[in-house]
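A.B. asks: The structure under discussion is supplied below as structure tokens; questions concerning it will follow.
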Amino acid sequence: MVQFAMEIGFVDEIFDFDFHPSNQLVASGLINGDLLLYRYANDSPPQRLLEVKAHTESCRAVRFINEGRAILTGSPDCSILATDVETGSTVVRLENAHEAAVNRLVNLTGSTIASGDDAGCIKVWDTRQRSCCNSFDAHEEYISDITYAPDAMKLLGTSGDGTLSVCNLRRNKVQTRSEFSEDELLSVVIMKNGRKVICSTESGALLLYSWGCFKDCSDRFVDLATNSVDALLKLDEERVITGSENGLISLVGILPNRIIQPIAEHSELPVERLGFSYDRKYLGSMSHDKLLKMWDLEDLVQGSGNTENSRSAVADSDSDSDRMDMDDNIPKSSKGTKTKNRSTHQALRSSNGFFADL
């Protein structure tokens, strides 16, 4: 087990959090629509710097952008908001950024971010062109997670419809989608230097896909948990940190697949988000207990060959990936299960000029 470092308590349930890319700051979004910013340190209690009423509905997604100068948030009210870190003032708000509730925000590069909604749509926003540059109707159900393969220029998405999607940014199309699994897919990471894609599931199994062969998984790791694995966080090319429905945080090895050690127990409630501080000194975890907890990772990270967020080296396999699963007959979902609240907001307004003030 790693050592508990500190915690931040909230008045309401926390939906998402993100660490600043270069400072000891952490932003959190709450179910009541509030955005909060805290400064943390190892020798003093966390200090609240900002509290902003970001959305009329819950604040589901939070990400620092522009080298940490602004915080982006997404909500079931279908809007995306950019908030200034220094002042807490609104930089710009895009109403109706999606036609359904915004569920995920993920940084892609220094100037692009991706968003996913409850209707299965993934969008890419370019801060330089100040517009939405890609839109993919990738899934039938909510987007649970998104990750980026930079060398291949592809987005991988997981969804409550039980499939993994591959979106080609160069061609602006959904390149392929996996066969339907028996479970909702909840989180995704790329490992083994871009050769393997790992998805967590509602049943607790980890599904392993080989790059370029996304129709069906090549392996399953079923010994991790008997209940849902809600969060994956890549430590290095060989190891991934998992957060489970039973509140346990574990370190798992991939190929060979094994549970290396339990890391921590957040609570008896599901661990739904995990994240690293900018220097990887702390691991953050959140659950339904209204607490953001931080764990000291110093000893664990020393065993990692790479202490930076690893980029997925998929260039060697990119020629194969461009040929993979190219049929346009994307399977239609037969699942009707939904774990996220759907939004009924209508017309999608123009997104041009969203980042004009950033």
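Lettering and numbering for the structure tokens are positional, with chains as A, B, ... in the shown order, residues counted from 1 in each chain, and ligands counted from 1 in the shown order.
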Env of A:Arg48: 10 Å cut, atoms = only C-alpha atoms, seq-sep filter 3 positions within chain, self excluded. Answer as an MDAnalysis selection string.
C.D. replies: chainID A and resid 8 25:27 36:40 45 51
A.B. asks: How about saving the chosen residues, all heavy atoms kept, as a short mmCIF file (atom, residue, chain, number, x, y, z; two decimals), in the first residue's frame?
C.D. replies:
```
data_model
loop_
_atom_site.label_atom_id
_atom_site.label_comp_id
_atom_site.auth_asym_id
_atom_site.auth_seq_id
_atom_site.Cartn_x
_atom_site.Cartn_y
_atom_site.Cartn_z
N ILE A 8 -9.24 16.41 0.14
CA ILE A 8 -10.04 17.62 0.04
C ILE A 8 -11.50 17.21 0.12
O ILE A 8 -11.96 16.35 -0.65
CB ILE A 8 -9.78 18.36 -1.28
CG1 ILE A 8 -8.30 18.73 -1.41
CG2 ILE A 8 -10.65 19.62 -1.38
CD1 ILE A 8 -7.92 19.33 -2.75
N LEU A 25 -1.73 22.65 -8.21
CA LEU A 25 -3.13 23.05 -8.25
C LEU A 25 -3.97 21.87 -8.74
O LEU A 25 -3.51 21.08 -9.57
CB LEU A 25 -3.34 24.23 -9.20
CG LEU A 25 -2.56 25.53 -8.91
CD1 LEU A 25 -2.78 26.52 -10.04
CD2 LEU A 25 -2.99 26.12 -7.58
N VAL A 26 -5.20 21.78 -8.24
CA VAL A 26 -6.11 20.75 -8.70
C VAL A 26 -7.51 21.37 -8.82
O VAL A 26 -7.95 22.10 -7.93
CB VAL A 26 -6.11 19.52 -7.77
CG1 VAL A 26 -6.55 19.88 -6.35
CG2 VAL A 26 -6.97 18.40 -8.33
N ALA A 27 -8.17 21.10 -9.93
CA ALA A 27 -9.52 21.61 -10.19
C ALA A 27 -10.52 20.47 -10.10
O ALA A 27 -10.22 19.34 -10.50
CB ALA A 27 -9.59 22.26 -11.57
N LEU A 36 -14.26 24.19 -8.55
CA LEU A 36 -13.40 24.62 -7.45
C LEU A 36 -11.94 24.38 -7.80
O LEU A 36 -11.60 23.36 -8.42
CB LEU A 36 -13.76 23.88 -6.15
CG LEU A 36 -15.13 24.22 -5.58
CD1 LEU A 36 -16.13 23.13 -5.94
CD2 LEU A 36 -15.08 24.41 -4.09
N LEU A 37 -11.09 25.30 -7.37
CA LEU A 37 -9.66 25.22 -7.59
C LEU A 37 -8.94 25.26 -6.25
O LEU A 37 -9.19 26.17 -5.45
CB LEU A 37 -9.17 26.36 -8.48
CG LEU A 37 -7.68 26.40 -8.80
CD1 LEU A 37 -7.28 25.21 -9.68
CD2 LEU A 37 -7.30 27.71 -9.49
N TYR A 38 -8.06 24.31 -6.00
CA TYR A 38 -7.31 24.23 -4.74
C TYR A 38 -5.81 24.21 -5.02
O TYR A 38 -5.35 23.67 -6.04
CB TYR A 38 -7.67 22.95 -3.98
CG TYR A 38 -8.96 23.02 -3.19
CD1 TYR A 38 -10.18 22.82 -3.80
CD2 TYR A 38 -8.95 23.30 -1.82
CE1 TYR A 38 -11.36 22.87 -3.08
CE2 TYR A 38 -10.13 23.35 -1.09
CZ TYR A 38 -11.33 23.15 -1.72
OH TYR A 38 -12.50 23.21 -1.02
N ARG A 39 -5.07 24.80 -4.09
CA ARG A 39 -3.62 24.63 -4.05
C ARG A 39 -3.30 23.61 -2.96
O ARG A 39 -3.82 23.68 -1.85
CB ARG A 39 -2.92 25.95 -3.74
CG ARG A 39 -1.39 25.84 -3.76
CD ARG A 39 -0.73 27.17 -3.43
NE ARG A 39 -1.10 28.20 -4.37
CZ ARG A 39 -0.54 28.34 -5.57
NH1 ARG A 39 0.40 27.48 -5.97
NH2 ARG A 39 -0.94 29.31 -6.38
N TYR A 40 -2.43 22.66 -3.30
CA TYR A 40 -2.04 21.64 -2.34
C TYR A 40 -0.53 21.69 -2.10
O TYR A 40 0.23 22.17 -2.95
CB TYR A 40 -2.46 20.25 -2.84
CG TYR A 40 -1.81 19.84 -4.15
CD1 TYR A 40 -0.59 19.17 -4.19
CD2 TYR A 40 -2.42 20.14 -5.37
CE1 TYR A 40 0.00 18.81 -5.38
CE2 TYR A 40 -1.84 19.78 -6.57
CZ TYR A 40 -0.63 19.11 -6.57
OH TYR A 40 -0.04 18.76 -7.77
N PRO A 45 -2.39 22.16 4.80
CA PRO A 45 -3.69 21.72 4.28
C PRO A 45 -3.98 22.36 2.93
O PRO A 45 -3.51 23.47 2.63
CB PRO A 45 -4.68 22.21 5.35
CG PRO A 45 -3.86 22.47 6.57
CD PRO A 45 -2.51 22.89 6.09
N GLU A 51 -13.95 29.40 -6.34
CA GLU A 51 -15.21 28.66 -6.37
C GLU A 51 -16.12 29.39 -7.33
O GLU A 51 -16.48 30.55 -7.12
CB GLU A 51 -15.85 28.57 -4.98
CG GLU A 51 -17.14 27.77 -4.99
CD GLU A 51 -17.72 27.57 -3.60
OE1 GLU A 51 -17.18 28.16 -2.63
OE2 GLU A 51 -18.72 26.83 -3.48
#
```
A.B. asks: Identify, with DSSP run on backbone atoms, the residues in stretch 137-340 of chain A assigned to strand (DSSP E or B), and express the list as a VMD selection string.
C.D. replies: chain A and resid 137 143 to 149 154 to 159 164 to 168 173 to 177 185 to 191 196 to 201 206 to 210 213 219 to 221 229 to 234 239 to 244 248 to 253 258 to 265 273 to 276 282 to 286 291 to 296
A.B. asks: For each of A:Thr201, A:Thr163, A:Ser22, A:Asn172, take the minimum atom-to-atom distance to A:Cys133, counting only C-alpha atoms, then give the residue where this is smallest.
C.D. replies: A:Asn172
A.B. asks: DSSP on the backbone, then: every residue of stretch 167-304 of chain A marked helix (DSSP H, G or I), written as number ranges by chain.
C.D. replies: A: 298-302
A.B. asks: Once you have the residues from the selection above, write them out as an mmCIF file, in the first residue's frame, restricted to all heavy atoms.
C.D. replies:
```cif
data_model
loop_
_atom_site.group_PDB
_atom_site.id
_atom_site.type_symbol
_atom_site.label_atom_id
_atom_site.label_comp_id
_atom_site.auth_asym_id
_atom_site.auth_seq_id
_atom_site.Cartn_x
_atom_site.Cartn_y
_atom_site.Cartn_z
ATOM 1 N N GLU A 298 5.780 8.282 -4.464
ATOM 2 C CA GLU A 298 7.220 8.374 -4.667
ATOM 3 C C GLU A 298 7.872 7.005 -4.822
ATOM 4 O O GLU A 298 8.652 6.770 -5.752
ATOM 5 C CB GLU A 298 7.871 9.141 -3.513
ATOM 6 C CG GLU A 298 9.350 9.414 -3.734
ATOM 7 C CD GLU A 298 9.924 10.321 -2.662
ATOM 8 O OE1 GLU A 298 9.167 10.720 -1.756
ATOM 9 O OE2 GLU A 298 11.117 10.613 -2.734
ATOM 10 N N ASP A 299 7.565 6.077 -3.931
ATOM 11 C CA ASP A 299 8.188 4.756 -4.003
ATOM 12 C C ASP A 299 7.734 3.987 -5.244
ATOM 13 O O ASP A 299 8.521 3.279 -5.869
ATOM 14 C CB ASP A 299 7.848 3.937 -2.749
ATOM 15 C CG ASP A 299 8.484 4.516 -1.499
ATOM 16 O OD1 ASP A 299 9.485 5.248 -1.638
ATOM 17 O OD2 ASP A 299 7.978 4.250 -0.386
ATOM 18 N N LEU A 300 6.469 4.154 -5.605
ATOM 19 C CA LEU A 300 5.936 3.435 -6.754
ATOM 20 C C LEU A 300 6.527 3.943 -8.058
ATOM 21 O O LEU A 300 6.890 3.165 -8.947
ATOM 22 C CB LEU A 300 4.413 3.563 -6.784
ATOM 23 C CG LEU A 300 3.641 2.596 -7.664
ATOM 24 C CD1 LEU A 300 3.796 1.179 -7.160
ATOM 25 C CD2 LEU A 300 2.171 2.978 -7.704
ATOM 26 N N VAL A 301 6.643 5.247 -8.192
ATOM 27 C CA VAL A 301 7.149 5.844 -9.421
ATOM 28 C C VAL A 301 8.624 5.538 -9.614
ATOM 29 O O VAL A 301 9.103 5.420 -10.748
ATOM 30 C CB VAL A 301 6.894 7.374 -9.426
ATOM 31 C CG1 VAL A 301 7.635 8.047 -10.567
ATOM 32 C CG2 VAL A 301 5.404 7.645 -9.526
ATOM 33 N N GLN A 302 9.365 5.373 -8.520
ATOM 34 C CA GLN A 302 10.783 5.043 -8.650
ATOM 35 C C GLN A 302 10.991 3.712 -9.348
ATOM 36 O O GLN A 302 12.027 3.483 -9.965
ATOM 37 C CB GLN A 302 11.440 5.020 -7.269
ATOM 38 C CG GLN A 302 11.680 6.404 -6.695
ATOM 39 C CD GLN A 302 12.286 6.351 -5.300
ATOM 40 O OE1 GLN A 302 12.398 5.287 -4.707
ATOM 41 N NE2 GLN A 302 12.673 7.510 -4.792
#
```
A.B. asks: Fewer than 6 positions away in the same chain doesn't count, so skip those; otherwise give me all residues within 9 Å of A:Asn168, counting only C-alpha atoms, as a ChimeraX atom specification.
C.D. replies: /A:152-155,174-176,322
A.B. asks: Restricting it to N, CA, C and O atoms, dump the selection as a short mmCIF file (atom, residue, chain, number, x, y, z; two decimals), in the first residue's frame.
C.D. replies:
```cif
data_model
loop_
_atom_site.label_atom_id
_atom_site.label_comp_id
_atom_site.auth_asym_id
_atom_site.auth_seq_id
_atom_site.Cartn_x
_atom_site.Cartn_y
_atom_site.Cartn_z
N ALA A 152 -0.33 8.08 -34.89
CA ALA A 152 -1.29 7.58 -35.88
C ALA A 152 -2.40 8.57 -36.16
O ALA A 152 -3.20 8.36 -37.07
N MET A 153 -2.49 9.67 -35.38
CA MET A 153 -3.56 10.67 -35.53
C MET A 153 -4.93 10.02 -35.41
O MET A 153 -5.81 10.22 -36.24
N LYS A 154 -5.08 9.22 -34.36
CA LYS A 154 -6.35 8.52 -34.15
C LYS A 154 -6.82 8.70 -32.71
O LYS A 154 -6.02 8.73 -31.78
N LEU A 155 -8.15 8.83 -32.57
CA LEU A 155 -8.80 8.84 -31.27
C LEU A 155 -9.44 7.49 -31.02
O LEU A 155 -10.06 6.92 -31.91
N VAL A 174 -15.07 7.71 -38.71
CA VAL A 174 -14.93 6.58 -37.79
C VAL A 174 -14.36 5.43 -38.59
O VAL A 174 -15.02 4.86 -39.45
N GLN A 175 -13.11 5.10 -38.31
CA GLN A 175 -12.42 4.10 -39.12
C GLN A 175 -12.93 2.69 -38.86
O GLN A 175 -13.14 1.92 -39.79
N THR A 176 -13.14 2.37 -37.61
CA THR A 176 -13.67 1.05 -37.28
C THR A 176 -14.26 1.07 -35.88
O THR A 176 -14.03 2.00 -35.11
N ASP A 322 -3.84 1.76 -41.06
CA ASP A 322 -4.60 2.42 -42.10
C ASP A 322 -5.35 1.43 -42.97
O ASP A 322 -6.27 1.80 -43.68
#
```
A.B. asks: Which residue is closest to A:Ala231? Choose from A:Asp145, A:Glu86, A:Glu57, A:Asp219 and count only C-alpha atoms.
C.D. replies: A:Asp145
A.B. asks: Write out as a list of chain:residue names each polymer residue whose atoms come within 6 Å of A:Val102, counting only C-alpha atoms; drop sequence neighbours fewer than 2 positions from it.
C.D. replies: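 Returned residues: A:Gly74, A:Ser75, A:Pro76, A:Cys78, A:Gly116, A:Asp117.
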A.B. asks: The selected residues should be written to file as a compact mmCIF listing (two decimals), in the first residue's frame (atoms: N, CA, C and O atoms).
C.D. replies:
```txt
# COMPACT_ATOMS: atom_id res chain seq x y z
N GLY A 74 -17.36 20.75 -18.83
CA GLY A 74 -18.50 20.32 -19.63
C GLY A 74 -19.63 19.86 -18.74
O GLY A 74 -19.41 19.43 -17.61
N SER A 75 -20.86 19.92 -19.27
CA SER A 75 -22.04 19.74 -18.42
C SER A 75 -23.20 19.11 -19.19
O SER A 75 -23.25 19.18 -20.43
N PRO A 76 -24.16 18.50 -18.47
CA PRO A 76 -25.40 18.07 -19.10
C PRO A 76 -26.22 19.21 -19.70
O PRO A 76 -27.16 18.95 -20.45
N CYS A 78 -25.20 20.90 -21.91
CA CYS A 78 -24.68 20.87 -23.28
C CYS A 78 -23.66 21.97 -23.57
O CYS A 78 -23.21 22.13 -24.71
N GLY A 116 -16.73 14.31 -25.44
CA GLY A 116 -17.65 13.23 -25.75
C GLY A 116 -18.96 13.42 -25.01
O GLY A 116 -18.97 13.92 -23.88
N ASP A 117 -20.07 13.02 -25.64
CA ASP A 117 -21.37 13.28 -25.03
C ASP A 117 -22.16 12.01 -24.79
O ASP A 117 -21.72 10.90 -25.09
```
A.B. asks: Show which residues sit within 6 Å of stretch 258-270 of chain A, as a list in words. Count only C-alpha atoms, and ignore same-chain residues fewer than 3 positions away.
C.D. replies: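 After dropping sequence-adjacent residues, the list is Met1, Val2, Ser244, Glu245, Asn246, Gly247, Leu248, Ile249, Ser250, Leu251, Val252, Gly253 and Ser287 of chain A.
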A.B. asks: Would you mind exporting all heavy atoms of the selected residues as a short mmCIF file (atom, residue, chain, number, x, y, z; two decimals), in the first residue's frame?
C.D. replies:
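The resulting file, part22.cif, is shown below:
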```cif
data_model
loop_
_atom_site.label_atom_id
_atom_site.label_comp_id
_atom_site.auth_asym_id
_atom_site.auth_seq_id
_atom_site.Cartn_x
_atom_site.Cartn_y
_atom_site.Cartn_z
N MET A 1 0.84 -1.20 0.00
CA MET A 1 0.00 0.00 0.00
C MET A 1 0.89 1.26 0.00
O MET A 1 1.92 1.30 0.66
CB MET A 1 -0.89 0.01 1.24
CG MET A 1 -1.98 -1.06 1.22
SD MET A 1 -3.39 -0.54 0.22
CE MET A 1 -4.59 -1.79 0.68
N VAL A 2 0.44 2.27 -0.75
CA VAL A 2 1.15 3.54 -0.72
C VAL A 2 0.63 4.37 0.45
O VAL A 2 -0.43 4.09 1.02
CB VAL A 2 0.97 4.30 -2.04
CG1 VAL A 2 1.55 3.51 -3.20
CG2 VAL A 2 -0.49 4.64 -2.30
N SER A 244 -11.65 0.48 -8.82
CA SER A 244 -12.76 -0.47 -8.90
C SER A 244 -13.99 -0.01 -8.13
O SER A 244 -13.92 0.89 -7.29
CB SER A 244 -12.33 -1.84 -8.38
OG SER A 244 -11.25 -2.36 -9.14
N GLU A 245 -15.09 -0.69 -8.41
CA GLU A 245 -16.37 -0.36 -7.77
C GLU A 245 -16.34 -0.60 -6.27
O GLU A 245 -17.07 0.04 -5.52
CB GLU A 245 -17.47 -1.20 -8.41
CG GLU A 245 -18.87 -0.84 -7.96
CD GLU A 245 -19.92 -1.70 -8.65
OE1 GLU A 245 -19.58 -2.77 -9.16
OE2 GLU A 245 -21.10 -1.28 -8.65
N ASN A 246 -15.47 -1.50 -5.82
CA ASN A 246 -15.38 -1.80 -4.39
C ASN A 246 -14.48 -0.83 -3.64
O ASN A 246 -14.22 -1.03 -2.44
CB ASN A 246 -14.90 -3.24 -4.17
CG ASN A 246 -13.54 -3.50 -4.79
OD1 ASN A 246 -12.88 -2.58 -5.27
ND2 ASN A 246 -13.13 -4.75 -4.82
N GLY A 247 -13.99 0.21 -4.30
CA GLY A 247 -13.18 1.23 -3.65
C GLY A 247 -11.69 0.96 -3.65
O GLY A 247 -10.92 1.78 -3.14
N LEU A 248 -11.25 -0.17 -4.21
CA LEU A 248 -9.84 -0.52 -4.22
C LEU A 248 -9.11 0.09 -5.42
O LEU A 248 -9.65 0.15 -6.52
CB LEU A 248 -9.67 -2.04 -4.24
CG LEU A 248 -10.10 -2.80 -2.99
CD1 LEU A 248 -9.90 -4.31 -3.19
CD2 LEU A 248 -9.32 -2.32 -1.76
N ILE A 249 -7.89 0.52 -5.18
CA ILE A 249 -6.99 1.01 -6.22
C ILE A 249 -5.83 0.02 -6.29
O ILE A 249 -5.19 -0.26 -5.28
CB ILE A 249 -6.48 2.41 -5.91
CG1 ILE A 249 -7.66 3.37 -5.71
CG2 ILE A 249 -5.56 2.92 -7.01
CD1 ILE A 249 -7.26 4.74 -5.18
N SER A 250 -5.57 -0.52 -7.49
CA SER A 250 -4.59 -1.60 -7.63
C SER A 250 -3.60 -1.28 -8.74
O SER A 250 -3.90 -0.55 -9.68
CB SER A 250 -5.29 -2.93 -7.95
OG SER A 250 -6.23 -3.27 -6.94
N LEU A 251 -2.41 -1.88 -8.62
CA LEU A 251 -1.39 -1.82 -9.66
C LEU A 251 -1.40 -3.15 -10.41
O LEU A 251 -1.24 -4.21 -9.80
CB LEU A 251 -0.01 -1.55 -9.06
CG LEU A 251 1.15 -1.43 -10.06
CD1 LEU A 251 0.94 -0.22 -10.97
CD2 LEU A 251 2.48 -1.31 -9.32
N VAL A 252 -1.59 -3.08 -11.72
CA VAL A 252 -1.77 -4.28 -12.54
C VAL A 252 -0.72 -4.32 -13.63
O VAL A 252 -0.47 -3.30 -14.30
CB VAL A 252 -3.19 -4.31 -13.15
CG1 VAL A 252 -3.35 -5.49 -14.10
CG2 VAL A 252 -4.24 -4.37 -12.04
N GLY A 253 -0.10 -5.48 -13.82
CA GLY A 253 0.83 -5.69 -14.92
C GLY A 253 0.11 -6.22 -16.14
O GLY A 253 -0.83 -7.00 -16.03
N SER A 287 -14.42 9.46 -5.45
CA SER A 287 -15.51 8.51 -5.34
C SER A 287 -16.77 9.26 -4.98
O SER A 287 -16.83 10.50 -5.08
CB SER A 287 -15.17 7.45 -4.27
OG SER A 287 -16.16 6.45 -4.22
#
```
A.B. asks: Excluding same-chain residues fewer than 6 positions from A:Gly243, what lies within 9 Å of it counting only C-alpha atoms, as a VMD selection string?
C.D. replies: chain A and resid 228 to 233 249 to 250 270 to 274 285
A.B. asks: Could you please take those selected residues and save N, CA, C and O atoms as an mmCIF file, in the first residue's frame?
C.D. replies:
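Final output, part_5.cif:
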```cif
data_model
loop_
_atom_site.group_PDB
_atom_site.id
_atom_site.type_symbol
_atom_site.label_atom_id
_atom_site.label_comp_id
_atom_site.auth_asym_id
_atom_site.auth_seq_id
_atom_site.Cartn_x
_atom_site.Cartn_y
_atom_site.Cartn_z
ATOM 1 N N SER A 228 -17.290 -3.871 -11.197
ATOM 2 C CA SER A 228 -16.892 -2.916 -12.218
ATOM 3 C C SER A 228 -15.513 -2.301 -11.959
ATOM 4 O O SER A 228 -15.170 -1.945 -10.826
ATOM 5 N N VAL A 229 -14.699 -2.189 -13.020
ATOM 6 C CA VAL A 229 -13.454 -1.422 -12.993
ATOM 7 C C VAL A 229 -13.733 -0.127 -13.749
ATOM 8 O O VAL A 229 -13.835 -0.121 -14.975
ATOM 9 N N ASP A 230 -13.884 0.958 -13.007
ATOM 10 C CA ASP A 230 -14.365 2.211 -13.582
ATOM 11 C C ASP A 230 -13.271 3.113 -14.134
ATOM 12 O O ASP A 230 -13.558 3.978 -14.970
ATOM 13 N N ALA A 231 -12.033 2.967 -13.668
ATOM 14 C CA ALA A 231 -10.974 3.902 -14.055
ATOM 15 C C ALA A 231 -9.673 3.168 -14.323
ATOM 16 O O ALA A 231 -9.303 2.244 -13.592
ATOM 17 N N LEU A 232 -8.982 3.596 -15.386
ATOM 18 C CA LEU A 232 -7.637 3.127 -15.707
ATOM 19 C C LEU A 232 -6.718 4.332 -15.802
ATOM 20 O O LEU A 232 -7.091 5.373 -16.351
ATOM 21 N N LEU A 233 -5.496 4.195 -15.287
ATOM 22 C CA LEU A 233 -4.483 5.244 -15.371
ATOM 23 C C LEU A 233 -3.146 4.586 -15.670
ATOM 24 O O LEU A 233 -2.650 3.796 -14.870
ATOM 25 N N ILE A 249 -7.890 0.520 -5.175
ATOM 26 C CA ILE A 249 -6.990 1.010 -6.221
ATOM 27 C C ILE A 249 -5.832 0.019 -6.294
ATOM 28 O O ILE A 249 -5.185 -0.263 -5.280
ATOM 29 N N SER A 250 -5.566 -0.520 -7.486
ATOM 30 C CA SER A 250 -4.595 -1.598 -7.627
ATOM 31 C C SER A 250 -3.598 -1.283 -8.735
ATOM 32 O O SER A 250 -3.898 -0.547 -9.683
ATOM 33 N N PRO A 270 -17.419 3.241 -5.255
ATOM 34 C CA PRO A 270 -16.661 3.113 -6.504
ATOM 35 C C PRO A 270 -15.641 4.230 -6.704
ATOM 36 O O PRO A 270 -15.921 5.402 -6.452
ATOM 37 N N VAL A 271 -14.443 3.858 -7.166
ATOM 38 C CA VAL A 271 -13.426 4.824 -7.576
ATOM 39 C C VAL A 271 -13.657 5.119 -9.053
ATOM 40 O O VAL A 271 -13.451 4.260 -9.902
ATOM 41 N N GLU A 272 -14.088 6.344 -9.371
ATOM 42 C CA GLU A 272 -14.516 6.653 -10.728
ATOM 43 C C GLU A 272 -13.522 7.484 -11.518
ATOM 44 O O GLU A 272 -13.636 7.573 -12.740
ATOM 45 N N ARG A 273 -12.543 8.119 -10.859
ATOM 46 C CA ARG A 273 -11.514 8.878 -11.569
ATOM 47 C C ARG A 273 -10.186 8.709 -10.850
ATOM 48 O O ARG A 273 -10.122 8.657 -9.616
ATOM 49 N N LEU A 274 -9.115 8.658 -11.648
ATOM 50 C CA LEU A 274 -7.748 8.638 -11.142
ATOM 51 C C LEU A 274 -6.933 9.655 -11.928
ATOM 52 O O LEU A 274 -7.221 9.918 -13.100
ATOM 53 N N SER A 285 -7.549 10.331 -6.395
ATOM 54 C CA SER A 285 -8.686 9.432 -6.602
ATOM 55 C C SER A 285 -9.946 10.098 -6.076
ATOM 56 O O SER A 285 -9.907 10.852 -5.108
#
```
A.B. asks: Counting only C-alpha atoms, figure out which residue out of A:Arg104, A:Arg280, A:Lys196, A:His139 gets nearest to A:Trp211.
C.D. replies: A:Lys196
A.B. asks: Of the candidates A:Tyr282, A:Lys290, A:Ile71, A:Pro150, which one gets nearest to A:Asn32 if we count only C-alpha atoms?
C.D. replies: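 Nearest candidate to A:Asn32 out of A:Tyr282, A:Lys290, A:Ile71, A:Pro150: A:Lys290.
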A.B. asks: Wanna dump the stretch 110-179 of chain A-stretch 63-66 of chain A contacts at 10 Å for me, each residue with its shortest atom pair and the distance in Å to one decimal, counting only C-alpha atoms, ordered by chain and number, as JSON lines?
C.D. replies:
```
{"residue": "A:Gly110", "atom": "CA", "partner": "A:Asn66", "partner_atom": "CA", "distance": 6.7}
{"residue": "A:Ser111", "atom": "CA", "partner": "A:Asn66", "partner_atom": "CA", "distance": 7.1}
{"residue": "A:Thr112", "atom": "CA", "partner": "A:Ile65", "partner_atom": "CA", "distance": 8.8}
{"residue": "A:Ile113", "atom": "CA", "partner": "A:Ile65", "partner_atom": "CA", "distance": 8.3}
{"residue": "A:Thr127", "atom": "CA", "partner": "A:Asn66", "partner_atom": "CA", "distance": 8.8}
```
A.B. asks: Tell me which protein, DNA and RNA residues are within 10 Å of A:Gly284, counting only C-alpha atoms, leaving out same-chain ones fewer than 6 positions away, and put them as a PyMOL selection string.
C.D. replies: chain A and resi 5-7+17-19+26+266+273-277+292-297
A.B. asks: May I ask for the distance between atom CA of A:Arg177 and atom CA of A:Thr147, given in Å to one decimal place?
C.D. replies: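 Atom CA of A:Thr147 lies 14.7 Å from atom CA of A:Arg177.
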A.B. asks: Could you tell me how far atom CA of A:Ala119 sits from atom CA of A:Ala149, in Å to one decimal place?
C.D. replies: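 Pair atom CA of A:Ala149 / atom CA of A:Ala119 returns 23.1 Å.
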A.B. asks: Between atom CA of A:Phe221 and atom CA of A:Leu206, what distance in Å does the model show, to one decimal?
C.D. replies: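 Distance between the two atoms: 5.0 Å.
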A.B. asks: My list of candidates is A:Gly162, A:Gly33, A:Pro46, A:Gly9. Which is closest to A:Thr73 when distances are computed with only C-alpha atoms?
C.D. replies: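 Ranked by minimum distance to A:Thr73, first place goes to A:Gly33.
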